[in-house]
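With PDB, C-alpha atoms inside, this is work-v3.pdb:
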MODEL        1
ATOM      1  CA  MET A1409     -62.673 -44.986 -22.463
ATOM      2  CA  LYS A1410     -61.965 -45.917 -26.066
ATOM      3  CA  LEU A1411     -63.781 -44.035 -28.833
ATOM      4  CA  LEU A1412     -64.524 -46.416 -31.701
ATOM      5  CA  LYS A1413     -66.630 -44.613 -34.286
ATOM      6  CA  LYS A1414     -68.217 -41.223 -34.841
ATOM      7  CA  ILE A1415     -72.031 -41.131 -34.913
ATOM      8  CA  ASN A1416     -72.291 -37.369 -35.338
ATOM      9  CA  ASN A1417     -70.492 -34.316 -33.982
ATOM     10  CA  ASN A1418     -71.765 -34.850 -30.433
ATOM     11  CA  PHE A1419     -72.158 -38.652 -30.233
ATOM     12  CA  ALA A1420     -69.765 -41.556 -30.680
ATOM     13  CA  LEU A1421     -69.694 -45.318 -30.287
ATOM     14  CA  ALA A1422     -67.251 -46.248 -27.539
ATOM     15  CA  GLU A1423     -66.004 -49.035 -25.307
ATOM     16  CA  ASP A1424     -65.867 -48.630 -21.546
ATOM     17  CA  SER A1425     -63.235 -49.980 -19.164
ATOM     18  CA  LYS A1426     -65.089 -53.310 -18.924
ATOM     19  CA  GLY A1427     -65.110 -53.768 -22.694
ATOM     20  CA  GLU A1428     -68.838 -53.021 -23.037
ATOM     21  CA  LYS A1429     -70.075 -51.073 -26.072
ATOM     22  CA  VAL A1430     -71.696 -47.750 -25.162
ATOM     23  CA  ILE A1431     -72.834 -44.542 -26.826
ATOM     24  CA  VAL A1432     -71.201 -41.447 -25.389
ATOM     25  CA  GLU A1433     -72.485 -37.908 -25.684
ATOM     26  CA  GLY A1434     -70.363 -34.792 -25.366
ATOM     27  CA  ARG A1435     -70.077 -31.477 -27.116
ATOM     28  CA  GLY A1436     -67.777 -31.991 -30.110
ATOM     29  CA  VAL A1437     -66.804 -35.540 -29.092
ATOM     30  CA  GLY A1438     -67.329 -36.667 -32.693
ATOM     31  CA  PHE A1439     -64.465 -34.469 -33.877
ATOM     32  CA  GLN A1440     -61.925 -36.784 -32.210
ATOM     33  CA  LYS A1441     -59.843 -38.876 -34.586
ATOM     34  CA  MET A1442     -61.074 -42.458 -34.102
ATOM     35  CA  PRO A1443     -60.342 -45.039 -32.933
ATOM     36  CA  CYS A1444     -58.571 -43.410 -30.032
ATOM     37  CA  GLU A1445     -58.214 -43.528 -26.268
ATOM     38  CA  LEU A1446     -60.091 -40.714 -24.539
ATOM     39  CA  THR A1447     -58.251 -39.779 -21.376
ATOM     40  CA  ASP A1448     -60.216 -36.626 -20.555
ATOM     41  CA  LEU A1449     -63.546 -38.094 -19.437
ATOM     42  CA  SER A1450     -64.841 -34.619 -18.599
ATOM     43  CA  LEU A1451     -65.652 -34.316 -22.317
ATOM     44  CA  ILE A1452     -68.376 -36.945 -21.862
ATOM     45  CA  SER A1453     -71.665 -35.548 -20.573
ATOM     46  CA  ARG A1454     -73.672 -38.784 -20.707
ATOM     47  CA  THR A1455     -73.196 -42.478 -21.436
ATOM     48  CA  TYR A1456     -75.913 -44.743 -22.864
ATOM     49  CA  TYR A1457     -76.091 -48.510 -22.406
ATOM     50  CA  GLY A1458     -78.513 -51.044 -23.857
ATOM     51  CA  PHE A1459     -78.797 -49.378 -27.269
ATOM     52  CA  ASN A1460     -79.208 -50.965 -30.682
ATOM     53  CA  SER A1461     -78.589 -50.101 -34.328
ATOM     54  CA  GLU A1462     -81.905 -48.246 -34.531
ATOM     55  CA  THR A1463     -80.770 -45.899 -31.756
ATOM     56  CA  ILE A1464     -77.656 -45.073 -33.773
ATOM     57  CA  ARG A1465     -79.775 -44.534 -36.892
ATOM     58  CA  LEU A1466     -82.060 -42.162 -35.020
ATOM     59  CA  ILE A1467     -79.114 -40.118 -33.717
ATOM     60  CA  GLN A1468     -77.789 -39.865 -37.267
ATOM     61  CA  THR A1469     -81.072 -38.935 -38.936
ATOM     62  CA  VAL A1470     -83.227 -37.017 -36.457
ATOM     63  CA  ASN A1471     -83.041 -33.223 -36.498
ATOM     64  CA  PRO A1472     -80.266 -32.391 -33.984
ATOM     65  CA  LYS A1473     -82.458 -29.621 -32.567
ATOM     66  CA  ILE A1474     -85.209 -32.135 -31.808
ATOM     67  CA  LEU A1475     -82.714 -34.378 -30.047
ATOM     68  CA  GLN A1476     -81.438 -31.355 -28.122
ATOM     69  CA  ILE A1477     -84.971 -30.517 -26.962
ATOM     70  CA  ALA A1478     -85.541 -34.122 -25.897
ATOM     71  CA  ASP A1479     -82.271 -34.065 -23.978
ATOM     72  CA  GLN A1480     -83.259 -30.823 -22.236
ATOM     73  CA  ILE A1481     -86.601 -32.310 -21.184
ATOM     74  CA  TYR A1482     -84.846 -35.449 -19.955
ATOM     75  CA  ASN A1483     -82.612 -33.332 -17.728
ATOM     76  CA  GLU A1484     -85.627 -31.493 -16.336
ATOM     77  CA  ALA A1485     -87.453 -34.784 -15.789
ATOM     78  CA  VAL A1486     -84.521 -36.226 -13.844
ATOM     79  CA  ASP A1487     -84.664 -33.212 -11.519
ATOM     80  CA  GLN A1488     -88.442 -33.140 -11.091
ATOM     81  CA  ILE A1489     -89.806 -36.699 -11.281
ATOM     82  CA  PRO A1490     -89.258 -38.767  -8.110
ATOM     83  CA  ALA A1491     -88.562 -42.009  -9.992
ATOM     84  CA  GLU A1492     -85.666 -43.571 -11.848
ATOM     85  CA  LEU A1493     -85.878 -42.816 -15.561
ATOM     86  CA  ASN A1494     -84.761 -44.923 -18.475
ATOM     87  CA  ALA A1495     -81.553 -43.297 -19.713
ATOM     88  CA  ASN A1496     -82.655 -43.783 -23.325
ATOM     89  CA  LEU A1497     -85.614 -41.410 -22.872
ATOM     90  CA  PRO A1498     -83.964 -38.654 -24.980
ATOM     91  CA  PHE A1499     -84.024 -40.977 -28.008
ATOM     92  CA  THR A1500     -87.578 -42.260 -27.565
ATOM     93  CA  LEU A1501     -88.852 -38.743 -26.913
ATOM     94  CA  ALA A1502     -86.999 -37.341 -29.939
ATOM     95  CA  ASP A1503     -88.513 -40.091 -32.092
ATOM     96  CA  HIS A1504     -91.978 -39.237 -30.758
ATOM     97  CA  LEU A1505     -91.541 -35.501 -31.391
ATOM     98  CA  GLU A1506     -90.345 -36.153 -34.932
ATOM     99  CA  PHE A1507     -93.504 -38.195 -35.554
ATOM    100  CA  CYS A1508     -95.686 -35.434 -34.037
ATOM    101  CA  ILE A1509     -94.182 -32.911 -36.432
ATOM    102  CA  GLU A1510     -94.548 -35.331 -39.354
ATOM    103  CA  ARG A1511     -98.254 -35.813 -38.562
ATOM    104  CA  MET A1512     -98.786 -32.069 -38.233
ATOM    105  CA  ASN A1513     -97.135 -31.431 -41.607
ATOM    106  CA  LYS A1514     -99.516 -33.977 -43.143
ATOM    107  CA  LYS A1515    -102.434 -32.249 -41.366
ATOM    108  CA  ILE A1516    -103.201 -35.386 -39.364
ATOM    109  CA  GLN A1517    -104.361 -34.659 -35.823
ATOM    110  CA  LEU A1518    -105.335 -37.315 -33.290
ATOM    111  CA  LYS A1519    -107.607 -36.696 -30.334
ATOM    112  CA  MET A1520    -106.127 -37.558 -26.956
ATOM    113  CA  PRO A1521    -109.041 -38.377 -24.617
ATOM    114  CA  LEU A1522    -106.741 -39.338 -21.734
ATOM    115  CA  ILE A1523    -105.445 -35.801 -21.389
ATOM    116  CA  TYR A1524    -107.694 -34.881 -18.428
ATOM    117  CA  GLU A1525    -106.955 -38.108 -16.574
ATOM    118  CA  LEU A1526    -103.239 -37.559 -17.109
ATOM    119  CA  GLU A1527    -103.438 -34.001 -15.806
ATOM    120  CA  SER A1528    -105.051 -35.348 -12.639
ATOM    121  CA  SER A1529    -102.849 -38.420 -12.127
ATOM    122  CA  TYR A1530     -99.529 -37.239 -13.564
ATOM    123  CA  PRO A1531     -99.292 -33.450 -13.094
ATOM    124  CA  LEU A1532     -95.466 -33.404 -13.186
ATOM    125  CA  GLU A1533     -95.330 -35.311 -16.466
ATOM    126  CA  MET A1534     -98.030 -33.118 -18.013
ATOM    127  CA  LYS A1535     -96.196 -29.978 -16.904
ATOM    128  CA  LEU A1536     -93.026 -31.284 -18.573
ATOM    129  CA  ALA A1537     -95.044 -32.154 -21.689
ATOM    130  CA  GLU A1538     -96.307 -28.576 -21.829
ATOM    131  CA  ARG A1539     -92.732 -27.380 -21.406
ATOM    132  CA  THR A1540     -91.761 -29.621 -24.338
ATOM    133  CA  LEU A1541     -94.329 -27.930 -26.583
ATOM    134  CA  GLN A1542     -92.946 -24.554 -25.520
ATOM    135  CA  ARG A1543     -89.387 -25.581 -26.346
ATOM    136  CA  VAL A1544     -90.448 -26.914 -29.757
ATOM    137  CA  GLU A1545     -92.118 -23.600 -30.536
ATOM    138  CA  GLU A1546     -89.197 -21.523 -29.216
ATOM    139  CA  GLN A1547     -86.396 -23.508 -30.825
ATOM    140  CA  LEU A1548     -88.014 -24.875 -33.999
ATOM    141  CA  ASP A1549     -90.715 -22.257 -34.607
ATOM    142  CA  ILE A1550     -93.255 -25.076 -34.784
ATOM    143  CA  ARG A1551     -96.463 -24.894 -32.791
ATOM    144  CA  LEU A1552     -97.720 -28.387 -32.030
ATOM    145  CA  PRO A1553    -101.369 -28.894 -30.956
ATOM    146  CA  GLU A1554    -102.076 -28.898 -27.210
ATOM    147  CA  SER A1555    -103.440 -32.422 -27.596
ATOM    148  CA  GLU A1556     -99.877 -33.674 -28.181
ATOM    149  CA  LYS A1557     -99.173 -33.138 -24.480
ATOM    150  CA  ALA A1558    -100.800 -36.487 -23.684
ATOM    151  CA  GLY A1559     -98.513 -38.460 -25.988
ATOM    152  CA  ILE A1560     -95.421 -36.681 -24.683
ATOM    153  CA  ALA A1561     -96.486 -37.268 -21.066
ATOM    154  CA  LEU A1562     -96.987 -40.975 -21.805
ATOM    155  CA  ASN A1563     -93.414 -41.157 -23.082
ATOM    156  CA  LEU A1564     -92.242 -39.770 -19.748
ATOM    157  CA  ILE A1565     -94.494 -42.107 -17.758
ATOM    158  CA  ASN A1566     -93.314 -45.147 -19.711
ATOM    159  CA  ALA A1567     -89.706 -44.130 -19.027
ATOM    160  CA  GLU A1568     -90.298 -44.283 -15.275
ATOM    161  CA  LEU A1569     -88.811 -47.649 -14.416
ATOM    162  CA  SER A1570     -90.823 -47.980 -11.216
ATOM    163  CA  VAL A1571     -94.221 -47.413 -12.866
ATOM    164  CA  LYS A1572     -96.486 -50.473 -12.938
ATOM    165  CA  THR A1573    -100.189 -50.730 -13.660
ATOM    166  CA  SER A1574    -102.682 -53.319 -12.470
ATOM    167  CA  ASN A1575    -103.614 -54.356 -16.001
ATOM    168  CA  THR A1576    -100.075 -54.526 -17.376
ATOM    169  CA  GLN A1577    -100.194 -58.305 -17.923
ATOM    170  CA  GLN A1578    -103.412 -58.111 -19.949
ATOM    171  CA  GLU A1579    -102.020 -55.252 -22.025
ATOM    172  CA  GLU A1580     -98.846 -57.227 -22.730
ATOM    173  CA  GLU A1581    -100.890 -60.233 -23.878
ATOM    174  CA  LEU A1582    -103.002 -58.073 -26.212
ATOM    175  CA  ILE A1583     -99.938 -56.314 -27.627
ATOM    176  CA  ASP A1584     -98.312 -59.698 -28.250
ATOM    177  CA  GLY A1585    -101.497 -60.947 -29.944
ATOM    178  CA  CYS A1586    -101.623 -57.902 -32.219
ATOM    179  CA  THR A1587     -97.955 -58.353 -33.059
ATOM    180  CA  ARG A1588     -98.553 -61.980 -34.032
ATOM    181  CA  ILE A1589    -101.323 -60.838 -36.373
ATOM    182  CA  ILE A1590     -98.952 -58.370 -38.058
ATOM    183  CA  GLU A1591     -96.307 -61.076 -38.413
ATOM    184  CA  ALA A1592     -98.826 -63.527 -39.866
ATOM    185  CA  TYR A1593    -100.143 -61.091 -42.477
ATOM    186  CA  LEU A1594     -96.729 -59.772 -43.472
ATOM    187  CA  HIS A1595     -94.962 -63.139 -43.284
ATOM    188  CA  HIS A1596     -92.201 -61.274 -41.517
ATOM    189  CA  PRO A1597     -90.913 -61.803 -37.937
ATOM    190  CA  ILE A1598     -90.722 -58.658 -35.828
ATOM    191  CA  TYR A1599     -87.776 -58.328 -33.465
ATOM    192  CA  ARG A1600     -89.425 -57.570 -30.118
ATOM    193  CA  LYS A1601     -86.387 -55.845 -28.612
ATOM    194  CA  SER A1602     -85.896 -53.344 -31.429
ATOM    195  CA  PHE A1603     -86.316 -49.623 -30.887
ATOM    196  CA  ASN A1604     -89.033 -49.526 -33.567
ATOM    197  CA  TYR A1605     -91.065 -52.254 -31.894
ATOM    198  CA  THR A1606     -90.723 -50.647 -28.463
ATOM    199  CA  ARG A1607     -92.159 -47.425 -29.847
ATOM    200  CA  PHE A1608     -95.003 -49.311 -31.526
ATOM    201  CA  ALA A1609     -95.808 -51.232 -28.339
ATOM    202  CA  THR A1610     -95.845 -47.996 -26.348
ATOM    203  CA  HIS A1611     -98.367 -46.429 -28.712
ATOM    204  CA  LEU A1612    -100.500 -49.581 -28.711
ATOM    205  CA  GLN A1613    -100.467 -49.600 -24.906
ATOM    206  CA  TYR A1614    -101.710 -46.011 -24.939
ATOM    207  CA  LEU A1615    -104.476 -46.986 -27.353
ATOM    208  CA  LEU A1616    -105.605 -49.861 -25.117
ATOM    209  CA  ARG A1617    -105.817 -47.568 -22.101
ATOM    210  CA  ARG A1618    -107.694 -45.014 -24.129
ATOM    211  CA  MET A1619    -110.171 -47.644 -25.365
ATOM    212  CA  ASN A1620    -110.651 -48.809 -21.776
ATOM    213  CA  GLN A1621    -111.670 -45.286 -20.742
ATOM    214  CA  GLN A1622    -114.358 -44.416 -23.291
ATOM    215  CA  PRO A1623    -116.562 -45.766 -26.113
ATOM    216  CA  PRO A1624    -115.186 -46.145 -29.670
ATOM    217  CA  GLN A1625    -114.737 -42.879 -31.553
ATOM    218  CA  ASN A1626    -115.219 -41.950 -35.206
ATOM    219  CA  VAL A1627    -113.158 -39.579 -37.327
ATOM    220  CA  SER A1628    -113.971 -37.469 -40.354
ATOM    221  CA  TYR A1629    -115.242 -39.794 -43.095
ATOM    222  CA  SER A1630    -113.129 -38.113 -45.783
ATOM    223  CA  LEU A1631    -109.965 -38.251 -43.658
ATOM    224  CA  TYR A1632    -110.511 -41.916 -42.810
ATOM    225  CA  GLN A1633    -111.140 -42.790 -46.474
ATOM    226  CA  THR A1634    -107.997 -40.937 -47.536
ATOM    227  CA  ILE A1635    -105.874 -42.894 -45.059
ATOM    228  CA  LYS A1636    -107.526 -46.186 -46.066
ATOM    229  CA  GLU A1637    -106.696 -45.525 -49.714
ATOM    230  CA  ARG A1638    -103.150 -44.400 -49.006
ATOM    231  CA  TYR A1639    -102.353 -47.401 -46.791
ATOM    232  CA  ALA A1640    -104.756 -49.974 -48.246
ATOM    233  CA  PRO A1641    -102.582 -53.071 -47.572
ATOM    234  CA  ILE A1642    -102.177 -52.169 -43.895
ATOM    235  CA  CYS A1643    -105.952 -51.727 -43.504
ATOM    236  CA  GLU A1644    -106.396 -55.485 -43.913
ATOM    237  CA  VAL A1645    -103.929 -56.108 -41.084
ATOM    238  CA  VAL A1646    -105.628 -53.551 -38.843
ATOM    239  CA  GLY A1647    -109.011 -55.091 -39.645
ATOM    240  CA  ALA A1648    -107.814 -58.424 -38.253
ATOM    241  CA  MET A1649    -106.365 -56.671 -35.198
ATOM    242  CA  ALA A1650    -109.724 -54.954 -34.642
ATOM    243  CA  VAL A1651    -111.563 -58.298 -34.649
ATOM    244  CA  TYR A1652    -109.063 -59.687 -32.131
ATOM    245  CA  LEU A1653    -109.310 -56.650 -29.836
ATOM    246  CA  GLU A1654    -113.103 -56.594 -29.961
ATOM    247  CA  ALA A1655    -113.204 -60.301 -29.049
ATOM    248  CA  SER A1656    -110.974 -59.441 -26.082
ATOM    249  CA  GLY A1657    -113.393 -56.798 -24.818
ATOM    250  CA  TYR A1658    -111.909 -53.743 -26.515
ATOM    251  CA  PRO A1659    -114.490 -52.397 -29.015
ATOM    252  CA  ILE A1660    -112.695 -50.355 -31.646
ATOM    253  CA  GLY A1661    -113.998 -47.447 -33.732
ATOM    254  CA  GLU A1662    -112.756 -45.660 -36.819
ATOM    255  CA  GLU A1663    -110.514 -43.305 -34.844
ATOM    256  CA  GLU A1664    -108.762 -46.213 -33.149
ATOM    257  CA  LYS A1665    -108.357 -47.980 -36.518
ATOM    258  CA  PHE A1666    -107.033 -44.727 -37.964
ATOM    259  CA  TYR A1667    -104.483 -44.559 -35.142
ATOM    260  CA  LEU A1668    -103.468 -48.201 -35.653
ATOM    261  CA  ILE A1669    -103.068 -47.802 -39.422
ATOM    262  CA  LEU A1670    -100.613 -44.945 -38.910
ATOM    263  CA  HIS A1671     -98.507 -46.804 -36.365
ATOM    264  CA  VAL A1672     -98.519 -50.206 -38.069
ATOM    265  CA  GLN A1673     -97.509 -48.478 -41.303
ATOM    266  CA  ARG A1674     -94.723 -46.675 -39.496
ATOM    267  CA  LEU A1675     -93.490 -49.917 -37.926
ATOM    268  CA  CYS A1676     -93.474 -51.539 -41.368
ATOM    269  CA  ASP A1677     -91.619 -48.607 -42.903
ATOM    270  CA  ARG A1678     -88.944 -48.719 -40.209
ATOM    271  CA  GLU A1679     -88.638 -52.520 -40.202
ATOM    272  CA  ARG A1680     -88.795 -52.708 -44.021
ATOM    273  CA  CYS A1681     -91.525 -55.330 -43.877
ATOM    274  CA  ALA A1682     -92.897 -56.734 -47.093
ATOM    275  CA  GLN A1683     -96.522 -55.618 -47.184
ATOM    276  CA  PRO A1684     -99.526 -57.744 -48.178
ATOM    277  CA  THR A1685    -101.396 -57.102 -51.361
ATOM    278  CA  VAL A1686    -105.134 -56.439 -51.479
TER     279      VAL A1686
ENDMDL
END
Translate this file's structure into structure tokens.
Amino acid sequence: MKLLKKINNNFALAEDSKGEKVIVEGRGVGFQKMPCELTDLSLISRTYYGFNSETIRLIQTVNPKILQIADQIYNEAVDQIPAELNANLPFTLADHLEFCIERMNKKIQLKMPLIYELESSYPLEMKLAERTLQRVEEQLDIRLPESEKAGIALNLINAELSVKTSNTQQEEELIDGCTRIIEAYLHHPIYRKSFNYTRFATHLQYLLRRMNQQPPQNVSYSLYQTIKERYAPICEVVGAMAVYLEASGYPIGEEEKFYLILHVQRLCDRERCAQPTV
């Protein structure tokens, strides 16, 4: 194993014996003088394949304690969930938790209507989601709303490589259609294999399932107006997405638009998209 470049104290970019680039994790592995040949492989606790530059950015910028919590939950999930898990779950979960905390700090709280269905259909994932909230409170002294359990559980469910749903093809077509709308309005291609896009698609998939379960919802008028004013250019994009979704049999209310505005804006921030003017 050849260590190529430090990412942080506990992560490094490396090259395995087959010459493939990997991210390695190990306590203090970043303190090695690089590049160098690592002969003691016991220093490596986990190896990650199939990463991209956004994964490296997240490791460098996310609160190390959040990443540690995500890693702890991943280890528990591997032991408890009877399905193969995507090895990059610690990164996607850490990204989700960071966004949860960001929303809470901005006093933005989303309802999660699927929570009861998830508790019935995915009790293991919901139990791990509850454990995640406990760890966040214990280790970061931050108490996230109980409603965040649904979003955390969906991260775990989406990481289960064997999970398939009967309406997956329709969801994929709608997500692709929404993405094309974003690209058309922003005049900016979106790389579909990026970490940022994967996170956006996951949240949009959750929204579609939520919309399929219950009628459109409304949010506080003042809160919705505040978000519309703050992210006015993105509202035009979301308006076009709403028309498309409604024509496809997914009626959309203010709460769903509110949710979309937040996540489209976040995708644009991460992808550095040029935004339309209104």
Residue IDs satisfying the PyMOL selection byres ((chain A and resi 1473) around 12), as a PDB file with C-alpha atoms, keeping the file's coordinate frame:
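Wrote it out as expr.pdb, contents follow:
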ATOM      1  CA  ILE A1467     -79.114 -40.118 -33.717  1.00  0.00           C
ATOM      2  CA  THR A1469     -81.072 -38.935 -38.936  1.00  0.00           C
ATOM      3  CA  VAL A1470     -83.227 -37.017 -36.457  1.00  0.00           C
ATOM      4  CA  ASN A1471     -83.041 -33.223 -36.498  1.00  0.00           C
ATOM      5  CA  PRO A1472     -80.266 -32.391 -33.984  1.00  0.00           C
ATOM      6  CA  ILE A1474     -85.209 -32.135 -31.808  1.00  0.00           C
ATOM      7  CA  LEU A1475     -82.714 -34.378 -30.047  1.00  0.00           C
ATOM      8  CA  GLN A1476     -81.438 -31.355 -28.122  1.00  0.00           C
ATOM      9  CA  ILE A1477     -84.971 -30.517 -26.962  1.00  0.00           C
ATOM     10  CA  ALA A1478     -85.541 -34.122 -25.897  1.00  0.00           C
ATOM     11  CA  ASP A1479     -82.271 -34.065 -23.978  1.00  0.00           C
ATOM     12  CA  GLN A1480     -83.259 -30.823 -22.236  1.00  0.00           C
ATOM     13  CA  PRO A1498     -83.964 -38.654 -24.980  1.00  0.00           C
ATOM     14  CA  ALA A1502     -86.999 -37.341 -29.939  1.00  0.00           C
ATOM     15  CA  LEU A1505     -91.541 -35.501 -31.391  1.00  0.00           C
ATOM     16  CA  GLU A1506     -90.345 -36.153 -34.932  1.00  0.00           C
ATOM     17  CA  ARG A1543     -89.387 -25.581 -26.346  1.00  0.00           C
ATOM     18  CA  VAL A1544     -90.448 -26.914 -29.757  1.00  0.00           C
ATOM     19  CA  GLU A1545     -92.118 -23.600 -30.536  1.00  0.00           C
ATOM     20  CA  GLU A1546     -89.197 -21.523 -29.216  1.00  0.00           C
ATOM     21  CA  GLN A1547     -86.396 -23.508 -30.825  1.00  0.00           C
ATOM     22  CA  LEU A1548     -88.014 -24.875 -33.999  1.00  0.00           C
ATOM     23  CA  ASP A1549     -90.715 -22.257 -34.607  1.00  0.00           C
ATOM     24  CA  ILE A1550     -93.255 -25.076 -34.784  1.00  0.00           C
TER      25      ILE A1550
END
Result set, the PyMOL selection byres ((chain A and resi 1586) around 9) on current file, as a list of chain:residue names: A:Glu1581, A:Leu1582, A:Ile1583, A:Asp1584, A:Gly1585, A:Thr1587, A:Arg1588, A:Ile1589, A:Ile1590, A:Glu1591, A:Val1646, A:Ala1648, A:Met1649, A:Ala1650, A:Tyr1652, A:Leu1653
From A:Lys1410, A:Lys1441, A:His1671, A:Lys1535, residue lying nearest A:Thr1606 [all atoms listed in the file]: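 Among the listed residues, the smallest separation from A:Thr1606 belongs to A:His1671.
Proximity of A:Lys1429, A:Lys1515, A:His1611, A:His1596 to A:Leu1562, computed with all atoms listed in the file, is greatest for A:His1611.
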Residue contacts of A:Val1486 (12 Å, only C-alpha atoms) excluding same-chain residues fewer than 3 positions away, as a PyMOL selection string: chain A and resi 1479-1483+1489-1495+1497-1498+1532-1533+1536+1564+1567-1568
Nearby residues (only C-alpha atoms) at most 8 Å from stretch 1414-1425 of chain A, same-chain spacing under 3 positions excluded, as a ChimeraX atom specification: /A:1409-1411,1428-1439,1442,1464,1467-1468
Best match for closeness to A:Gln1517 among A:Thr1540, A:Leu1675, A:Tyr1667, A:Lys1426, counting only C-alpha atoms: A:Tyr1667
Filtering to N, CA, C and O atoms, could stretch 1539-1553 of chain A of the supplied structure be written out as a PDB file, in the first residue's frame?
ATOM      1  N   ARG A1539     -30.507   6.056  17.461  1.00  0.00           N
ATOM      2  CA  ARG A1539     -29.185   5.978  18.088  1.00  0.00           C
ATOM      3  C   ARG A1539     -28.286   7.111  17.573  1.00  0.00           C
ATOM      4  O   ARG A1539     -27.473   7.670  18.318  1.00  0.00           O
ATOM      5  N   THR A1540     -28.445   7.466  16.308  1.00  0.00           N
ATOM      6  CA  THR A1540     -27.664   8.558  15.724  1.00  0.00           C
ATOM      7  C   THR A1540     -27.973   9.871  16.427  1.00  0.00           C
ATOM      8  O   THR A1540     -27.062  10.646  16.772  1.00  0.00           O
ATOM      9  N   LEU A1541     -29.265  10.136  16.656  1.00  0.00           N
ATOM     10  CA  LEU A1541     -29.655  11.355  17.368  1.00  0.00           C
ATOM     11  C   LEU A1541     -29.049  11.379  18.770  1.00  0.00           C
ATOM     12  O   LEU A1541     -28.604  12.431  19.249  1.00  0.00           O
ATOM     13  N   GLN A1542     -29.031  10.219  19.415  1.00  0.00           N
ATOM     14  CA  GLN A1542     -28.453  10.135  20.760  1.00  0.00           C
ATOM     15  C   GLN A1542     -26.961  10.454  20.733  1.00  0.00           C
ATOM     16  O   GLN A1542     -26.459  11.188  21.591  1.00  0.00           O
ATOM     17  N   ARG A1543     -26.272   9.901  19.743  1.00  0.00           N
ATOM     18  CA  ARG A1543     -24.825  10.147  19.649  1.00  0.00           C
ATOM     19  C   ARG A1543     -24.536  11.623  19.358  1.00  0.00           C
ATOM     20  O   ARG A1543     -23.583  12.189  19.888  1.00  0.00           O
ATOM     21  N   VAL A1544     -25.344  12.236  18.508  1.00  0.00           N
ATOM     22  CA  VAL A1544     -25.165  13.660  18.204  1.00  0.00           C
ATOM     23  C   VAL A1544     -25.328  14.484  19.476  1.00  0.00           C
ATOM     24  O   VAL A1544     -24.547  15.404  19.749  1.00  0.00           O
ATOM     25  N   GLU A1545     -26.327  14.139  20.275  1.00  0.00           N
ATOM     26  CA  GLU A1545     -26.555  14.888  21.512  1.00  0.00           C
ATOM     27  C   GLU A1545     -25.433  14.641  22.514  1.00  0.00           C
ATOM     28  O   GLU A1545     -24.945  15.568  23.168  1.00  0.00           O
ATOM     29  N   GLU A1546     -24.985  13.384  22.626  1.00  0.00           N
ATOM     30  CA  GLU A1546     -23.935  13.045  23.593  1.00  0.00           C
ATOM     31  C   GLU A1546     -22.581  13.632  23.209  1.00  0.00           C
ATOM     32  O   GLU A1546     -21.842  14.129  24.062  1.00  0.00           O
ATOM     33  N   GLN A1547     -22.249  13.579  21.930  1.00  0.00           N
ATOM     34  CA  GLN A1547     -20.901  13.951  21.506  1.00  0.00           C
ATOM     35  C   GLN A1547     -20.780  15.388  21.002  1.00  0.00           C
ATOM     36  O   GLN A1547     -19.684  15.956  21.008  1.00  0.00           O
ATOM     37  N   LEU A1548     -21.896  15.978  20.554  1.00  0.00           N
ATOM     38  CA  LEU A1548     -21.838  17.349  20.046  1.00  0.00           C
ATOM     39  C   LEU A1548     -22.654  18.320  20.887  1.00  0.00           C
ATOM     40  O   LEU A1548     -22.609  19.528  20.646  1.00  0.00           O
ATOM     41  N   ASP A1549     -23.400  17.792  21.851  1.00  0.00           N
ATOM     42  CA  ASP A1549     -24.287  18.607  22.679  1.00  0.00           C
ATOM     43  C   ASP A1549     -25.296  19.363  21.811  1.00  0.00           C
ATOM     44  O   ASP A1549     -25.603  20.525  22.060  1.00  0.00           O
ATOM     45  N   ILE A1550     -25.791  18.668  20.793  1.00  0.00           N
ATOM     46  CA  ILE A1550     -26.795  19.229  19.894  1.00  0.00           C
ATOM     47  C   ILE A1550     -27.986  18.279  19.879  1.00  0.00           C
ATOM     48  O   ILE A1550     -27.831  17.096  19.584  1.00  0.00           O
ATOM     49  N   ARG A1551     -29.152  18.813  20.177  1.00  0.00           N
ATOM     50  CA  ARG A1551     -30.349  17.974  20.200  1.00  0.00           C
ATOM     51  C   ARG A1551     -31.158  18.217  18.934  1.00  0.00           C
ATOM     52  O   ARG A1551     -31.839  19.235  18.801  1.00  0.00           O
ATOM     53  N   LEU A1552     -31.069  17.274  17.996  1.00  0.00           N
ATOM     54  CA  LEU A1552     -31.819  17.382  16.758  1.00  0.00           C
ATOM     55  C   LEU A1552     -33.270  16.942  16.974  1.00  0.00           C
ATOM     56  O   LEU A1552     -33.537  16.089  17.831  1.00  0.00           O
ATOM     57  N   PRO A1553     -34.217  17.494  16.213  1.00  0.00           N
ATOM     58  CA  PRO A1553     -35.623  17.096  16.347  1.00  0.00           C
ATOM     59  C   PRO A1553     -35.825  15.613  16.053  1.00  0.00           C
ATOM     60  O   PRO A1553     -35.115  15.032  15.227  1.00  0.00           O
TER      61      PRO A1553
END
